[in-house]
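Heads up: the structure comes next, in structure tokens.
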Amino acid sequence: MSKMVFATVGTTKFTALMETLDKEEVQAALHARGFRRLVIQYGKSTVVPKKRAGIEIEAYQYKPSLTEDMLRAQLIISHAGAGSVMEALRAKKRLIVVINDKLMHNHQAELASAMAEAGYCASAVPSSLQSVIQEEGSMTLGALPPLDLRPFSRAVTDLMGMGDLKKDEPSADA
């Protein structure tokens, strides 16, 4: 089975990422890493990359779920949307998060930087994607710790004023 890259822009329009993935040198960098397939979810983007440098391309606008493509991939290239980033990390896949550097007040850059600093993903902008693909470090990243919803549950319980319920319940000895 050939190694696959999955690229996603979620529901956004990220033309710069699609144009970058359409470049022969970027596909050649993926090919040099052993990848032979590139599956692209292009969202609202109007540019859809074509086959170059020996990389087979499969592209679609939307699917009800990206999970299957994420699980089949050995590498995920994603826009910096929180949902896409977290889904890729929960799938325990190598991840390159591409920041849309054309956006103003870019909260996505903060998320991508924080995740990259923690060692969970590599971070790029469209113009640096090729060099990030070529870097050895982008292929060896740490796993996200297991999800722990207890702090969230406690916060909701406290917010709803239900944190003291156990104190008000009669004890078993009463």
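Here's how to read the names in the structure tokens: chain A, B, ... by the order shown, residue numbers from 1 in each chain, ligand numbers from 1 in the order shown.
Contact shell of stretch 59-73 of chain A at 9 Å (only C-alpha atoms; same-chain neighbours under 6 positions omitted): A:Lys3, A:Met4, A:Val5, A:Phe6, A:Ala7, A:Thr8, A:Gly10, A:Thr11, A:Leu38, A:Val39, A:Ile40, A:Gln41, A:Tyr42, A:Gly43, A:Lys44, A:Ser45, A:Val48, A:Pro49, A:Ser84, A:Glu87, A:Ala88, A:Ala91, A:Lys92, A:Lys93, A:Arg94.
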Expected answer as a VMD selection string: strand (DSSP E) residues in chain A: chain A and resid 3 to 8 35 to 41 56 to 60 75 to 79 94 to 98 122 to 124
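Around stretch 112-114 of chain A, within 8 Å and counting only C-alpha atoms, the residues found are A:Ala80, A:Val97, A:Val98, A:Ile99, A:Gln108, A:Ala109, A:Glu117, A:Ala118, A:Cys121, A:Ser123, once anything fewer than 3 positions away on its own chain is removed.
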Residues of stretch 64-162 of chain A in helix (DSSP H, G or I), written as JSON, numbers by chain: {"A": [67, 68, 69, 70, 71, 72, 82, 83, 84, 85, 86, 87, 88, 89, 90, 107, 108, 109, 110, 111, 112, 113, 114, 115, 116, 117, 126, 127, 128, 129, 130, 131, 132, 133, 134, 136, 137, 138, 139, 150, 151, 152, 153, 154, 155, 156, 157, 158, 159]}
Which residue of A:Ile133, A:Ala122, A:Ala29, A:Ile76 approaches A:Ala53 most closely, using only C-alpha atoms: A:Ala29
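Between atom CA of A:Gln27 and atom CA of A:Ile77 there is a distance of 12.5 Å.
Minimum atom-to-atom distances from A:Ala82, A:Leu95, A:Leu149, A:Val47 to A:Leu17 were compared using only C-alpha atoms, and the lowest value belongs to A:Val47.
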Distance in Å - atom CA of A:Ser127 versus atom CA of A:Ile55: 19.8 Å
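If you measure from each of A:Ala155, A:Val132, A:Met18, A:Ala116 to A:Asn100 using only C-alpha atoms, the closest one turns out to be A:Met18.
Straight-line separation from atom CA of A:His107 to atom CA of A:Leu21: 23.2 Å.
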